[in-house]
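Structure file start.cif; described as mmCIF, C-alpha atoms.
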data_query
#
loop_
_atom_site.label_atom_id
_atom_site.label_comp_id
_atom_site.auth_asym_id
_atom_site.auth_seq_id
_atom_site.Cartn_x
_atom_site.Cartn_y
_atom_site.Cartn_z
CA MET A 24 0.00 0.00 0.00
CA THR A 25 1.33 3.45 -0.88
CA LYS A 26 1.73 5.99 1.91
CA PRO A 27 -1.28 8.07 2.96
CA LEU A 28 -1.67 11.66 1.77
CA VAL A 29 -2.18 14.53 4.22
CA LEU A 30 -3.43 18.00 3.26
CA VAL A 31 -1.48 20.73 5.05
CA THR A 32 -3.03 24.19 5.38
CA ALA A 33 -1.21 27.23 4.02
CA ASP A 34 -0.59 30.84 4.99
CA VAL A 35 -0.66 33.52 2.32
CA LYS A 36 2.45 35.70 2.46
CA THR A 37 3.55 38.54 0.19
CA ILE A 38 7.19 38.10 -0.81
CA GLU A 39 8.89 40.22 -3.48
CA GLY A 40 5.54 41.33 -4.85
CA TYR A 41 4.07 37.83 -5.14
CA ASN A 42 1.48 36.06 -2.98
CA TRP A 43 2.96 32.79 -1.75
CA HIS A 44 0.89 29.94 -0.30
CA ALA A 45 3.26 28.45 2.24
CA ALA A 46 3.60 26.00 5.12
CA THR A 47 6.55 25.86 7.50
CA SER A 48 8.90 22.95 6.89
CA THR A 49 8.63 21.69 10.48
CA TYR A 50 5.01 20.66 9.86
CA LEU A 51 5.87 18.99 6.57
CA GLN A 52 8.76 17.07 8.11
CA ALA A 53 6.62 16.03 11.07
CA VAL A 54 3.98 14.54 8.75
CA LEU A 55 6.64 12.89 6.60
CA LYS A 56 8.73 11.41 9.40
CA GLY A 57 6.48 11.46 12.46
CA SER A 58 3.34 10.16 10.74
CA ASP A 59 5.02 8.30 7.85
CA ALA A 60 2.72 10.08 5.40
CA VAL A 61 3.12 12.37 2.39
CA PRO A 62 2.32 16.07 3.08
CA MET A 63 0.59 18.13 0.37
CA ILE A 64 0.12 21.88 0.81
CA LEU A 65 -3.41 23.09 0.03
CA PRO A 66 -3.38 26.66 -1.32
CA SER A 67 -5.61 29.14 0.50
CA LEU A 68 -7.82 30.01 -2.47
CA GLY A 69 -11.06 30.23 -0.50
CA ALA A 70 -14.35 29.75 -2.33
CA ASP A 71 -12.55 29.08 -5.62
CA LEU A 72 -11.53 25.68 -4.26
CA ASP A 73 -13.68 22.56 -4.49
CA LEU A 74 -12.88 21.31 -1.01
CA ASP A 75 -14.75 18.04 -1.38
CA ALA A 76 -12.78 17.27 -4.53
CA ALA A 77 -9.56 17.83 -2.59
CA LEU A 78 -10.73 15.80 0.39
CA ASP A 79 -11.73 12.94 -1.92
CA GLN A 80 -8.05 12.38 -2.69
CA VAL A 81 -6.50 12.47 0.77
CA ASP A 82 -6.42 10.60 4.05
CA GLY A 83 -6.01 13.36 6.59
CA VAL A 84 -5.77 17.10 7.26
CA LEU A 85 -3.09 18.89 9.28
CA ALA A 86 -4.07 22.45 10.26
CA THR A 87 -0.88 24.34 11.05
CA GLY A 88 0.00 27.14 13.40
CA SER A 89 0.83 30.62 12.15
CA ARG A 90 1.90 34.10 13.23
CA SER A 91 -1.50 35.34 12.01
CA ASN A 92 -4.68 35.11 14.09
CA VAL A 93 -8.21 34.07 13.16
CA ASN A 94 -10.17 37.23 12.42
CA PRO A 95 -12.46 38.00 15.41
CA GLU A 96 -15.30 38.97 13.04
CA LEU A 97 -15.72 35.25 12.38
CA TYR A 98 -16.86 34.67 15.97
CA GLY A 99 -18.72 37.92 16.59
CA GLU A 100 -15.95 40.16 17.93
CA VAL A 101 -14.19 43.25 16.60
CA PRO A 102 -10.71 42.93 15.05
CA THR A 103 -7.99 45.26 16.34
CA GLU A 104 -4.57 46.24 15.06
CA GLU A 105 -3.04 44.86 18.26
CA ASN A 106 -4.55 41.42 17.67
CA GLY A 107 -3.34 41.15 14.04
CA PRO A 108 -1.94 40.23 11.65
CA TYR A 109 -4.85 38.45 9.98
CA ASP A 110 -4.95 36.17 6.94
CA PRO A 111 -8.44 36.34 5.36
CA SER A 112 -7.54 33.98 2.52
CA ARG A 113 -6.48 31.33 5.01
CA ASP A 114 -9.59 31.89 7.15
CA SER A 115 -11.87 31.48 4.12
CA THR A 116 -10.17 28.21 3.20
CA THR A 117 -9.24 26.43 6.39
CA LEU A 118 -12.41 26.97 8.43
CA PRO A 119 -14.73 25.35 5.85
CA LEU A 120 -12.06 22.71 5.14
CA LEU A 121 -11.91 21.63 8.78
CA LYS A 122 -15.67 21.61 9.20
CA ARG A 123 -16.09 19.46 6.10
CA ALA A 124 -13.28 17.08 7.08
CA VAL A 125 -14.90 16.52 10.49
CA GLU A 126 -18.29 15.93 8.86
CA ARG A 127 -16.78 13.36 6.50
CA GLY A 128 -14.82 11.53 9.19
CA ILE A 129 -11.43 12.38 7.70
CA PRO A 130 -8.66 12.40 10.35
CA VAL A 131 -7.74 15.89 11.55
CA PHE A 132 -4.76 17.08 13.58
CA ALA A 133 -5.01 20.81 14.34
CA ILE A 134 -2.13 22.73 15.91
CA CYS A 135 -2.13 26.20 17.55
CA ARG A 136 -3.92 28.46 15.02
CA GLY A 137 -5.30 25.24 13.57
CA MET A 138 -6.94 24.40 16.90
CA GLN A 139 -8.43 27.89 17.07
CA GLU A 140 -9.70 27.54 13.48
CA LEU A 141 -11.31 24.21 14.29
CA ASN A 142 -13.09 25.70 17.29
CA VAL A 143 -14.40 28.69 15.31
CA ALA A 144 -15.39 26.45 12.38
CA LEU A 145 -17.61 24.51 14.78
CA GLY A 146 -19.25 27.62 16.22
CA GLY A 147 -16.93 28.41 19.12
CA THR A 148 -15.18 31.62 20.16
CA LEU A 149 -11.64 32.69 20.99
CA LEU A 150 -10.04 34.80 23.68
CA THR A 151 -7.68 37.42 22.26
CA GLU A 152 -4.45 38.69 23.80
CA ILE A 153 -4.85 36.37 26.76
CA GLN A 154 -1.70 37.69 28.43
CA SER A 155 -3.76 40.80 29.27
CA LEU A 156 -6.59 38.87 30.96
CA ASP A 157 -6.80 38.55 34.74
CA GLY A 158 -5.61 35.20 36.02
CA ARG A 159 -4.01 34.14 32.73
CA ALA A 160 -0.33 33.48 32.22
CA ASP A 161 1.71 34.92 29.35
CA HIS A 162 1.64 32.17 26.72
CA ARG A 163 3.64 34.07 24.12
CA ALA A 164 6.95 32.81 22.79
CA PRO A 165 10.17 34.15 24.30
CA THR A 166 11.71 37.00 22.33
CA SER A 167 14.67 35.41 20.57
CA GLU A 168 16.26 34.98 17.15
CA ARG A 169 16.85 31.31 17.98
CA GLN A 170 13.94 29.02 17.12
CA ASP A 171 14.98 26.45 19.73
CA GLU A 172 14.56 29.16 22.36
CA ARG A 173 11.21 30.33 21.00
CA PHE A 174 9.91 26.74 20.93
CA ARG A 175 11.43 25.72 24.26
CA ILE A 176 9.35 23.70 26.71
CA ALA A 177 7.46 26.25 28.79
CA HIS A 178 4.82 24.81 31.13
CA PRO A 179 2.93 21.64 32.12
CA VAL A 180 -0.53 20.57 30.98
CA GLU A 181 -3.04 18.43 32.84
CA VAL A 182 -4.58 15.70 30.70
CA ALA A 183 -8.29 14.91 31.08
CA GLU A 184 -8.65 11.37 32.38
CA GLY A 185 -10.11 8.97 29.84
CA SER A 186 -9.72 11.49 27.01
CA CYS A 187 -8.55 10.89 23.45
CA LEU A 188 -5.31 12.66 24.35
CA ALA A 189 -4.82 10.37 27.33
CA ALA A 190 -5.17 7.37 25.03
CA VAL A 191 -2.23 8.72 23.03
CA VAL A 192 0.15 10.13 25.64
CA GLY A 193 -1.16 8.76 28.96
CA ASN A 194 -2.90 10.41 31.91
CA GLU A 195 0.11 12.02 33.57
CA PRO A 196 0.84 15.77 33.22
CA PHE A 197 3.63 16.64 30.80
CA GLU A 198 5.51 19.71 29.59
CA VAL A 199 4.77 21.60 26.38
CA ASN A 200 5.95 24.71 24.54
CA SER A 201 3.86 27.86 24.21
CA LEU A 202 3.72 30.42 21.38
CA HIS A 203 0.23 31.92 21.27
CA ARG A 204 -1.74 35.08 22.07
CA GLN A 205 -5.19 33.68 21.38
CA ALA A 206 -6.87 30.73 23.06
CA VAL A 207 -10.14 28.84 22.93
CA GLY A 208 -13.01 30.67 24.62
CA ARG A 209 -16.41 29.01 24.30
CA LEU A 210 -15.97 25.54 22.89
CA GLY A 211 -17.53 24.87 19.50
CA ASN A 212 -20.35 22.40 18.88
CA GLY A 213 -19.20 18.98 19.99
CA MET A 214 -15.76 20.21 21.06
CA ILE A 215 -14.49 18.96 24.41
CA ALA A 216 -11.40 19.98 26.37
CA GLU A 217 -8.67 17.34 26.51
CA ALA A 218 -5.99 19.22 28.48
CA GLU A 219 -5.54 22.50 30.35
CA ALA A 220 -2.66 24.66 31.52
CA GLU A 221 -2.38 25.64 35.17
CA ASP A 222 -4.17 28.96 34.47
CA GLY A 223 -7.19 27.19 32.93
CA THR A 224 -6.23 27.79 29.29
CA ILE A 225 -7.54 24.95 27.13
CA GLU A 226 -4.45 23.30 25.65
CA ALA A 227 -5.99 20.40 23.72
CA ALA A 228 -9.43 19.49 22.41
CA SER A 229 -11.30 16.87 20.41
CA VAL A 230 -14.75 16.50 18.88
CA LYS A 231 -17.15 14.31 20.85
CA ASP A 232 -18.72 11.47 18.86
CA SER A 233 -16.94 12.56 15.68
CA ALA A 234 -17.06 10.21 12.71
CA GLY A 235 -13.26 10.15 12.55
CA TYR A 236 -10.08 10.94 14.47
CA VAL A 237 -9.94 14.60 15.54
CA LEU A 238 -7.36 16.01 17.94
CA ALA A 239 -6.13 19.55 18.43
CA THR A 240 -3.28 21.00 20.50
CA GLN A 241 -2.56 24.61 21.40
CA TRP A 242 1.16 23.81 21.67
CA HIS A 243 3.54 22.81 18.87
CA PRO A 244 4.44 19.09 18.88
CA GLU A 245 5.78 19.33 15.32
CA TYR A 246 8.87 21.22 16.46
CA TRP A 247 10.20 18.51 18.82
CA VAL A 248 8.74 15.46 17.08
CA SER A 249 12.16 13.82 16.67
CA THR A 250 13.19 14.12 20.33
CA ASP A 251 10.14 14.62 22.57
CA GLY A 252 8.14 11.56 23.66
CA PRO A 253 4.61 13.06 23.68
CA SER A 254 5.24 14.82 20.37
CA LYS A 255 6.33 11.57 18.76
CA LYS A 256 3.24 9.82 20.09
CA LEU A 257 0.90 12.51 18.76
CA PHE A 258 2.23 12.33 15.21
CA ALA A 259 2.42 8.53 15.33
CA ALA A 260 -1.24 8.37 16.40
CA PHE A 261 -2.21 10.73 13.56
CA GLY A 262 -0.28 8.47 11.18
CA ASP A 263 -2.17 5.42 12.43
CA ALA A 264 -5.46 7.25 11.90
CA VAL A 265 -4.70 8.35 8.34
CA ARG A 266 -3.52 4.84 7.39
CA ALA A 267 -6.71 3.34 8.76
CA TYR A 268 -8.75 5.90 6.84
CA ARG A 269 -6.82 5.17 3.65
CA VAL A 270 -7.62 1.44 3.95
CA LYS A 271 -11.30 2.34 4.30
CA ARG A 272 -11.27 4.97 1.53
CA LEU A 273 -9.67 2.66 -1.00
CA GLY A 274 -11.53 -0.45 0.11
CA LEU A 275 -8.28 -2.31 0.80
#

Can the structure from this file be put into structure tokens for me?
Amino acid sequence: MTKPLVLVTADVKTIEGYNWHAATSTYLQAVLKGSDAVPMILPSLGADLDLDAALDQVDGVLATGSRSNVNPELYGEVPTEENGPYDPSRDSTTLPLLKRAVERGIPVFAICRGMQELNVALGGTLLTEIQSLDGRADHRAPTSERQDERFRIAHPVEVAEGSCLAAVVGNEPFEVNSLHRQAVGRLGNGMIAEAEAEDGTIEAASVKDSAGYVLATQWHPEYWVSTDGPSKKLFAAFGDAVRAYRVKRLGL
């Protein structure tokens, strides 16, 4: 059997006068090596895309993190310059993509912005600039030119007993990195919390009674997938899910 195919969501960035549809190599390498699958970047072309046609050809969806934030207008709030930058082309592509993938039972792994997109796609809300909220810790990345420092392990998370996440990494608390300014507010339809930080920030979520595998993390397991135990387990579990879906999709 050939390796499963995984759609990877893309940012739109203007470089030298051109719009580039791009995904960071750490996500692509994590799918390739951590999940033993073939990553394929889906351009953020919004309503011009036939999403079902794309989903017909693949076995999973990885929703990546990004420096941009989901536009607050999409969950009934007002966007601000402080909360930007925004990426409307990505929003108009990834939110309907994730909703449709969940409906179809296609495996989904959503990371950081991807987790926030999944929540909004299912009718939930986000908290913006959480470092300014009473009782919340500062979850932003350290200021550094070194990526290893920005993605360093930052704080523990408590895993919900009996959760999907617990089935992958176990019930014990473990340490994760932290590079975000937004966080899940009201959970979307069917979304359930899988892990929390000490300040109550939802750090992982799944979709209750979903037709397929769906797991989302606020932290970035892709960065340490080659050396960190929980990160390895998360991408291995996603790989198992997309292989099982491929067997079903192709009738093997």

Next on the checklist: If we count all atoms listed in the file and set the cut-off at 12 Å, which residues sit around A:Asp110, ignoring sequence neighbours fewer than 5 positions away in its own chain? Please answer as a list of chain:residue names.
Outcome noted: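 Answer for this query is A:Ala33, A:Asp34, A:Val35, A:Lys36, A:Thr37, A:Asn42, A:His44, A:Ser67, A:Leu68, A:Gly69, A:Ser89, A:Arg90, A:Ser91, A:Asn92, A:Val93, A:Asn94, A:Pro95, A:Ser115, A:Thr116, A:Thr117, A:Leu118, A:Arg136, A:Glu140.
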
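Taking all atoms listed in the file, the non-local environment of stretch 164-180 of chain A within 7 Å (same-chain residues fewer than 3 positions away omitted) comprises Pro196, Phe197, Glu198, Val199, Asn200, Ser201, Leu202, His203, Ala218, Glu219, Ala220 and Glu221 of chain A.
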
Next on the checklist: Please list as a ChimeraX atom specification every residue within 10 Å of A:Gly193, counting all atoms listed in the file and excluding residues in the same chain fewer than 2 positions away.
Outcome noted: /A:182-191,195-197,253,256

Next on the checklist: I want to know what sits within 10 Å of A:Glu245, based on all atoms listed in the file, with residues of the same chain fewer than 2 positions away left out; could you give that as a list of chain:residue names?
Outcome noted: A:Ser48, A:Thr49, A:Tyr50, A:Leu51, A:Gln52, A:Ala53, A:Val54, A:Gly57, A:Thr87, A:Gly88, A:Ile134, A:Trp242, A:His243, A:Trp247, A:Val248, A:Ser249, A:Asp251, A:Ser254, A:Lys255, A:Leu257, A:Phe258

Atoms kept (C-alpha atoms) for selection, written as a PDB file, keeping the file's coordinate frame:
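Saved result, part.pdb, follows:
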ATOM      1  CA  SER A  48       8.900  22.950   6.890  1.00  0.00           C
ATOM      2  CA  THR A  49       8.630  21.690  10.480  1.00  0.00           C
ATOM      3  CA  TYR A  50       5.010  20.660   9.860  1.00  0.00           C
ATOM      4  CA  LEU A  51       5.870  18.990   6.570  1.00  0.00           C
ATOM      5  CA  GLN A  52       8.760  17.070   8.110  1.00  0.00           C
ATOM      6  CA  ALA A  53       6.620  16.030  11.070  1.00  0.00           C
ATOM      7  CA  VAL A  54       3.980  14.540   8.750  1.00  0.00           C
ATOM      8  CA  GLY A  57       6.480  11.460  12.460  1.00  0.00           C
ATOM      9  CA  THR A  87      -0.880  24.340  11.050  1.00  0.00           C
ATOM     10  CA  GLY A  88       0.000  27.140  13.400  1.00  0.00           C
ATOM     11  CA  ILE A 134      -2.130  22.730  15.910  1.00  0.00           C
ATOM     12  CA  TRP A 242       1.160  23.810  21.670  1.00  0.00           C
ATOM     13  CA  HIS A 243       3.540  22.810  18.870  1.00  0.00           C
ATOM     14  CA  TRP A 247      10.200  18.510  18.820  1.00  0.00           C
ATOM     15  CA  VAL A 248       8.740  15.460  17.080  1.00  0.00           C
ATOM     16  CA  SER A 249      12.160  13.820  16.670  1.00  0.00           C
ATOM     17  CA  ASP A 251      10.140  14.620  22.570  1.00  0.00           C
ATOM     18  CA  SER A 254       5.240  14.820  20.370  1.00  0.00           C
ATOM     19  CA  LYS A 255       6.330  11.570  18.760  1.00  0.00           C
ATOM     20  CA  LEU A 257       0.900  12.510  18.760  1.00  0.00           C
ATOM     21  CA  PHE A 258       2.230  12.330  15.210  1.00  0.00           C
TER      22      PHE A 258
END

Next on the checklist: Would you compute the distance between atom CA of A:Asp263 and atom CA of A:Asp75? Give it in Å to one decimal.
Outcome noted: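 Calculated distance between atom CA of A:Asp263 and atom CA of A:Asp75 is 22.5 Å.
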
Next on the checklist: So, with all atoms listed in the file as the atoms that count, which of A:Leu141, A:Ala260, A:Leu150, A:Leu273 lies closest to A:Gly213?
Outcome noted: A:Leu141

Checklist entry - Residues picked by the PyMOL selection byres ((chain A and resi 272) around 12) here, as a list in words? => result Pro27, Leu28, Leu78, Asp79, Gln80, Val81, Asp82, Gly83, Arg127, Gly128, Ile129, Pro130, Val265, Arg266, Ala267, Tyr268, Arg269, Val270, Lys271, Leu273, Gly274 and Leu275 of chain A

Checklist entry - Just how far from atom CA of A:Lys26 is atom CA of A:Ala60, in Å to one decimal? => result 5.5 Å

Next on the checklist: Report, in Å with one decimal, the straight-line distance from atom CA of A:Leu120 to atom CA of A:Ala86.
Outcome noted: 9.5 Å

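Distance annotation: of A:Pro66, A:Gly211, A:Gly146, A:Gly158, the residue with the minimal separation from A:Arg113 is A:Pro66; atom set is only C-alpha atoms.
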
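Using only C-alpha atoms, the shortest contact distance between A:Met214 and any of A:Gln139, A:Thr151, A:Tyr246, A:Thr103 is found at A:Gln139.
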
Checklist entry - Which is closer to A:Ala144 than all the others in A:Ser112, A:Asn212, A:Thr32, A:Asn194, using all atoms listed in the file? => result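 Between A:Ser112, A:Asn212, A:Thr32, A:Asn194, the residue approaching A:Ala144 most closely is A:Asn212.
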
Excluding A:Val207 and its own-chain neighbours fewer than 5 positions away, which residues fall within 9 Å of it when counting all atoms listed in the file? Please give them as a tab-separated table (two decimals) with C-alpha atoms, keeping the file's coordinate frame.
chain	number	residue	atom	x	y	z
A	138	MET	CA	-6.94	24.40	16.90
A	139	GLN	CA	-8.43	27.89	17.07
A	142	ASN	CA	-13.09	25.70	17.29
A	143	VAL	CA	-14.40	28.69	15.31
A	147	GLY	CA	-16.93	28.41	19.12
A	148	THR	CA	-15.18	31.62	20.16
A	149	LEU	CA	-11.64	32.69	20.99
A	150	LEU	CA	-10.04	34.80	23.68
A	151	THR	CA	-7.68	37.42	22.26
A	224	THR	CA	-6.23	27.79	29.29
A	225	ILE	CA	-7.54	24.95	27.13
A	226	GLU	CA	-4.45	23.30	25.65
A	241	GLN	CA	-2.56	24.61	21.40

Can you turn the PyMOL selection byres ((chain A and resi 132) around 7) into a concrete residue list for this file, as a PDB file with C-alpha atoms, in the frame of the given file?
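Result file follows (selection.pdb):
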ATOM      1  CA  VAL A  84      -5.770  17.100   7.260  1.00  0.00           C
ATOM      2  CA  LEU A  85      -3.090  18.890   9.280  1.00  0.00           C
ATOM      3  CA  ALA A  86      -4.070  22.450  10.260  1.00  0.00           C
ATOM      4  CA  PRO A 130      -8.660  12.400  10.350  1.00  0.00           C
ATOM      5  CA  VAL A 131      -7.740  15.890  11.550  1.00  0.00           C
ATOM      6  CA  ALA A 133      -5.010  20.810  14.340  1.00  0.00           C
ATOM      7  CA  ILE A 134      -2.130  22.730  15.910  1.00  0.00           C
ATOM      8  CA  VAL A 237      -9.940  14.600  15.540  1.00  0.00           C
ATOM      9  CA  LEU A 238      -7.360  16.010  17.940  1.00  0.00           C
ATOM     10  CA  ALA A 239      -6.130  19.550  18.430  1.00  0.00           C
ATOM     11  CA  PHE A 261      -2.210  10.730  13.560  1.00  0.00           C
TER      12      PHE A 261
END

Item to check | Option closest in space to A:Gly262, from A:Ile38, A:Lys56, A:Leu30, A:Arg204 [counting all atoms listed in the file] | outcome: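 Smallest separation from A:Gly262 among the options: A:Lys56.
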
Item to check | Counting only C-alpha atoms, the residue of A:Gln205, A:Tyr41, A:Gly235, A:Val192 that sits nearest A:Ser155 | outcome: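 Closest candidate: A:Gln205.
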